[in-house]
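Asks: Just one file: model.tsv, with TSV, C-alpha atoms.
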chain	number	residue	atom	x	y	z
A	1	MET	CA	-12.42	-12.14	27.52
A	2	SER	CA	-13.01	-8.48	26.68
A	3	ALA	CA	-16.16	-6.55	27.48
A	4	PRO	CA	-18.71	-6.33	24.66
A	5	GLU	CA	-18.73	-3.02	22.80
A	6	ILE	CA	-21.78	-0.79	22.73
A	7	THR	CA	-22.15	2.44	20.83
A	8	GLN	CA	-22.96	5.75	22.41
A	9	ARG	CA	-26.29	5.59	20.59
A	10	ASP	CA	-27.03	2.16	22.10
A	11	LEU	CA	-26.21	3.52	25.51
A	12	ARG	CA	-28.70	6.36	25.04
A	13	SER	CA	-31.49	4.26	23.60
A	14	ARG	CA	-31.05	1.15	25.79
A	15	SER	CA	-29.76	2.77	28.96
A	16	ARG	CA	-32.11	0.95	31.34
A	17	GLU	CA	-31.31	-2.45	29.85
A	18	ILE	CA	-27.57	-1.71	29.88
A	19	MET	CA	-27.57	-0.34	33.43
A	20	ASP	CA	-29.48	-3.42	34.62
A	21	ALA	CA	-26.80	-5.60	33.00
A	22	VAL	CA	-24.04	-3.57	34.70
A	23	GLN	CA	-25.84	-3.92	38.03
A	24	ASN	CA	-25.86	-7.69	37.45
A	25	GLY	CA	-22.09	-7.79	36.87
A	26	GLN	CA	-21.72	-7.20	33.10
A	27	SER	CA	-19.07	-4.77	31.80
A	28	PHE	CA	-19.20	-2.85	28.51
A	29	THR	CA	-16.80	-0.83	26.38
A	30	VAL	CA	-18.48	2.29	24.98
A	31	THR	CA	-17.58	3.48	21.48
A	32	ARG	CA	-18.19	6.69	19.56
A	33	ASP	CA	-17.59	6.87	15.82
A	34	GLY	CA	-15.90	3.47	16.02
A	35	HIS	CA	-13.41	4.52	18.70
A	36	GLN	CA	-13.39	3.19	22.23
A	37	ILE	CA	-14.06	6.07	24.64
A	38	GLY	CA	-14.84	4.46	27.97
A	39	GLN	CA	-15.91	1.50	30.02
A	40	LEU	CA	-18.96	0.75	32.10
A	41	VAL	CA	-18.04	-1.60	34.91
A	42	PRO	CA	-19.97	-2.69	37.99
A	43	LEU	CA	-18.77	-1.32	41.31
A	44	ARG	CA	-17.48	-3.84	43.78
A	45	ARG	CA	-19.74	-4.03	46.77
A	46	ARG	CA	-18.09	-3.94	50.15
A	47	ARG	CA	-19.05	-6.81	52.35
A	48	ARG	CA	-19.58	-6.07	56.01
A	49	PHE	CA	-19.65	-9.65	57.25
A	50	VAL	CA	-17.41	-12.65	56.67
A	51	SER	CA	-18.70	-15.93	57.99
A	52	ARG	CA	-16.58	-18.03	60.33
A	53	ALA	CA	-16.23	-20.71	57.63
A	54	GLU	CA	-15.02	-18.16	55.05
A	55	PHE	CA	-12.54	-16.69	57.53
A	56	ALA	CA	-11.21	-20.15	58.35
A	57	ALA	CA	-10.83	-20.98	54.65
A	58	MET	CA	-8.96	-17.71	53.98
A	59	SER	CA	-6.76	-18.25	57.02
A	60	ARG	CA	-5.63	-21.66	55.78
A	61	THR	CA	-4.16	-20.10	52.63
A	62	ALA	CA	-2.79	-16.93	54.24
A	63	PRO	CA	1.00	-16.45	54.22
A	64	GLU	CA	2.99	-17.25	57.35
A	65	ILE	CA	3.78	-14.32	59.64
A	66	ASP	CA	7.12	-13.90	61.39
A	67	LEU	CA	5.87	-12.96	64.85
A	68	ASP	CA	9.24	-11.58	66.00
A	69	ALA	CA	9.42	-9.23	63.00
A	70	PHE	CA	5.77	-8.24	63.51
A	71	ARG	CA	6.37	-7.39	67.17
A	72	ALA	CA	9.54	-5.48	66.29
A	73	ASP	CA	7.57	-3.41	63.75
A	74	GLN	CA	4.91	-2.68	66.36
A	75	ASP	CA	7.50	-1.69	68.95
A	76	ALA	CA	9.31	0.59	66.50
A	77	THR	CA	6.07	2.31	65.54
A	78	ALA	CA	4.84	2.65	69.12
A	79	GLU	CA	8.12	4.19	70.24
A	80	ALA	CA	8.13	6.63	67.36
A	81	TYR	CA	4.81	8.10	68.51
A	82	ALA	CA	5.06	7.63	72.28
A	83	ASP	CA	5.13	11.37	72.97
A	84	ASP	CA	2.06	13.49	73.61
A	85	PRO	CA	0.54	14.51	70.23
A	86	TYR	CA	-0.53	17.85	71.75
A	87	ASP	CA	3.02	18.55	72.84
A	88	ARG	CA	4.17	19.26	69.26
Show me this structure written as structure tokens.
Replies:
Amino acid sequence: MSAPEITQRDLRSRSREIMDAVQNGQSFTVTRDGHQIGQLVPLRRRRRFVSRAEFAAMSRTAPEIDLDAFRADQDATAEAYADDPYDR
């Protein structure tokens, strides 16, 4: 489903109504002289908290991790930067 089109003139005259719709999750394609010139899309809000239940649900569908490969990657990275950073 594509975003509804609004004209530049609509954007000017109905800006509050359109911005409220964007804030509530609606996207729009802006046109000028019949040509698409841009999109208004809501910003994704960063969440700071994930509940225990949500974390558990996400964990159940997460891909398996090869622990040996993970540890090898950690060891390789740690050894690469084991020297004193001020010694460079």
Asks: Would you mind telling me which residue in A:Val50, A:Met19, A:Val41, A:Ala76 lies nearest to Ser2 in chain A when using only C-alpha atoms?
Replies: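 Looking only at the distances to Ser2 in chain A, the closest residue turns out to be A:Val41.
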Asks: For Asp33 in chain A, which residue out of A:Ser15, A:Thr7, A:Met58, A:Arg48 is the nearest one, using only C-alpha atoms?
Replies: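 Result for the nearest residue to Asp33 in chain A: A:Thr7.
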Asks: Calculated over all atoms listed in the file, which of the candidates A:Gln39, A:Gln74, A:Thr61, A:Ser51 has the smallest distance to Pro4 in chain A?
Replies: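 Ranked by minimum distance to Pro4 in chain A, first place goes to A:Gln39.
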Asks: Work out how far apart CA of Arg47 in chain A and CA of Ile65 in chain A are and give it in Å to one decimal.
Replies: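 Those two atoms sit 25.1 Å apart.
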Asks: Between CA of Gly25 in chain A and CA of Arg44 in chain A, what is the distance, to one decimal in Å?
Replies: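 Between these atoms lies a distance of 9.2 Å.
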Asks: Would you pick out the contacts of Asp10 in chain A at 12 Å or less, using all atoms listed in the file, so that residues sharing its chain but fewer than 3 positions from it are not included, and give the list as a PyMOL selection string?
Replies: chain A and resi 5-7+13-19+28-32
Asks: Calculate how many Å separate CA of Ala21 in chain A from CA of Ile37 in chain A, rounding to one decimal.
Replies: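 Interatomic distance, CA of Ala21 in chain A to CA of Ile37 in chain A: 19.2 Å.
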Asks: Given 5 Å of margin on each side, can you work out the centre and size in Å (one decimal) of an axis-aligned box holding every listed atom of range 49-54 of chain A, as lines of an AutoDock Vina configuration file?
Replies:
center_x = -17.3
center_y = -15.2
center_z = 57.7
size_x = 14.6
size_y = 21.1
size_z = 15.3
Asks: With the input short on atoms, add N, CA and C atoms back to range 43-68 of chain A and write it as a PDB file, in the coordinates of the input.
Replies:
ATOM      1  N   LEU A  43     -19.544  -1.636  40.116  1.00  0.00           N
ATOM      2  CA  LEU A  43     -18.770  -1.320  41.310  1.00  0.00           C
ATOM      3  C   LEU A  43     -18.722  -2.552  42.194  1.00  0.00           C
ATOM      4  N   ARG A  44     -17.582  -2.741  42.819  1.00  0.00           N
ATOM      5  CA  ARG A  44     -17.480  -3.840  43.780  1.00  0.00           C
ATOM      6  C   ARG A  44     -18.214  -3.432  45.045  1.00  0.00           C
ATOM      7  N   ARG A  45     -18.997  -4.317  45.537  1.00  0.00           N
ATOM      8  CA  ARG A  45     -19.740  -4.030  46.770  1.00  0.00           C
ATOM      9  C   ARG A  45     -18.913  -4.469  47.956  1.00  0.00           C
ATOM     10  N   ARG A  46     -18.815  -3.595  48.934  1.00  0.00           N
ATOM     11  CA  ARG A  46     -18.090  -3.940  50.150  1.00  0.00           C
ATOM     12  C   ARG A  46     -18.945  -4.837  51.020  1.00  0.00           C
ATOM     13  N   ARG A  47     -18.352  -5.908  51.446  1.00  0.00           N
ATOM     14  CA  ARG A  47     -19.050  -6.810  52.350  1.00  0.00           C
ATOM     15  C   ARG A  47     -18.762  -6.375  53.774  1.00  0.00           C
ATOM     16  N   ARG A  48     -19.749  -6.449  54.608  1.00  0.00           N
ATOM     17  CA  ARG A  48     -19.580  -6.070  56.010  1.00  0.00           C
ATOM     18  C   ARG A  48     -19.397  -7.284  56.906  1.00  0.00           C
ATOM     19  N   PHE A  49     -19.699  -8.465  56.409  1.00  0.00           N
ATOM     20  CA  PHE A  49     -19.650  -9.650  57.250  1.00  0.00           C
ATOM     21  C   PHE A  49     -18.950 -10.772  56.511  1.00  0.00           C
ATOM     22  N   VAL A  50     -18.059 -11.447  57.200  1.00  0.00           N
ATOM     23  CA  VAL A  50     -17.410 -12.650  56.670  1.00  0.00           C
ATOM     24  C   VAL A  50     -17.745 -13.765  57.642  1.00  0.00           C
ATOM     25  N   SER A  51     -18.306 -14.827  57.118  1.00  0.00           N
ATOM     26  CA  SER A  51     -18.700 -15.930  57.990  1.00  0.00           C
ATOM     27  C   SER A  51     -17.463 -16.606  58.595  1.00  0.00           C
ATOM     28  N   ARG A  52     -17.674 -17.308  59.665  1.00  0.00           N
ATOM     29  CA  ARG A  52     -16.580 -18.030  60.330  1.00  0.00           C
ATOM     30  C   ARG A  52     -15.943 -19.026  59.366  1.00  0.00           C
ATOM     31  N   ALA A  53     -16.754 -19.725  58.585  1.00  0.00           N
ATOM     32  CA  ALA A  53     -16.230 -20.710  57.630  1.00  0.00           C
ATOM     33  C   ALA A  53     -15.370 -20.042  56.560  1.00  0.00           C
ATOM     34  N   GLU A  54     -15.822 -18.887  56.047  1.00  0.00           N
ATOM     35  CA  GLU A  54     -15.020 -18.160  55.050  1.00  0.00           C
ATOM     36  C   GLU A  54     -13.705 -17.680  55.641  1.00  0.00           C
ATOM     37  N   PHE A  55     -13.757 -17.166  56.875  1.00  0.00           N
ATOM     38  CA  PHE A  55     -12.540 -16.690  57.530  1.00  0.00           C
ATOM     39  C   PHE A  55     -11.561 -17.840  57.726  1.00  0.00           C
ATOM     40  N   ALA A  56     -12.071 -18.981  58.155  1.00  0.00           N
ATOM     41  CA  ALA A  56     -11.210 -20.150  58.350  1.00  0.00           C
ATOM     42  C   ALA A  56     -10.576 -20.590  57.038  1.00  0.00           C
ATOM     43  N   ALA A  57     -11.361 -20.580  55.953  1.00  0.00           N
ATOM     44  CA  ALA A  57     -10.830 -20.980  54.650  1.00  0.00           C
ATOM     45  C   ALA A  57      -9.749 -20.008  54.178  1.00  0.00           C
ATOM     46  N   MET A  58      -9.967 -18.705  54.370  1.00  0.00           N
ATOM     47  CA  MET A  58      -8.960 -17.710  53.980  1.00  0.00           C
ATOM     48  C   MET A  58      -7.712 -17.836  54.831  1.00  0.00           C
ATOM     49  N   SER A  59      -7.891 -18.142  56.104  1.00  0.00           N
ATOM     50  CA  SER A  59      -6.760 -18.250  57.020  1.00  0.00           C
ATOM     51  C   SER A  59      -5.847 -19.415  56.661  1.00  0.00           C
ATOM     52  N   ARG A  60      -6.437 -20.486  56.152  1.00  0.00           N
ATOM     53  CA  ARG A  60      -5.630 -21.660  55.780  1.00  0.00           C
ATOM     54  C   ARG A  60      -4.665 -21.355  54.649  1.00  0.00           C
ATOM     55  N   THR A  61      -5.023 -20.416  53.780  1.00  0.00           N
ATOM     56  CA  THR A  61      -4.160 -20.100  52.630  1.00  0.00           C
ATOM     57  C   THR A  61      -3.380 -18.811  52.809  1.00  0.00           C
ATOM     58  N   ALA A  62      -3.503 -18.189  53.978  1.00  0.00           N
ATOM     59  CA  ALA A  62      -2.790 -16.930  54.240  1.00  0.00           C
ATOM     60  C   ALA A  62      -1.294 -17.217  54.405  1.00  0.00           C
ATOM     61  N   PRO A  63      -0.444 -16.253  54.053  1.00  0.00           N
ATOM     62  CA  PRO A  63       1.000 -16.450  54.220  1.00  0.00           C
ATOM     63  C   PRO A  63       1.374 -16.502  55.698  1.00  0.00           C
ATOM     64  N   GLU A  64       2.475 -17.172  55.978  1.00  0.00           N
ATOM     65  CA  GLU A  64       2.990 -17.250  57.350  1.00  0.00           C
ATOM     66  C   GLU A  64       3.466 -15.874  57.797  1.00  0.00           C
ATOM     67  N   ILE A  65       3.338 -15.592  59.082  1.00  0.00           N
ATOM     68  CA  ILE A  65       3.780 -14.320  59.640  1.00  0.00           C
ATOM     69  C   ILE A  65       4.935 -14.586  60.601  1.00  0.00           C
ATOM     70  N   ASP A  66       6.003 -13.832  60.453  1.00  0.00           N
ATOM     71  CA  ASP A  66       7.120 -13.900  61.390  1.00  0.00           C
ATOM     72  C   ASP A  66       6.749 -13.041  62.590  1.00  0.00           C
ATOM     73  N   LEU A  67       6.372 -13.696  63.685  1.00  0.00           N
ATOM     74  CA  LEU A  67       5.870 -12.960  64.850  1.00  0.00           C
ATOM     75  C   LEU A  67       6.922 -12.039  65.451  1.00  0.00           C
ATOM     76  N   ASP A  68       8.190 -12.443  65.447  1.00  0.00           N
ATOM     77  CA  ASP A  68       9.240 -11.580  66.000  1.00  0.00           C
ATOM     78  C   ASP A  68       9.371 -10.298  65.179  1.00  0.00           C
TER      79      ASP A  68
END
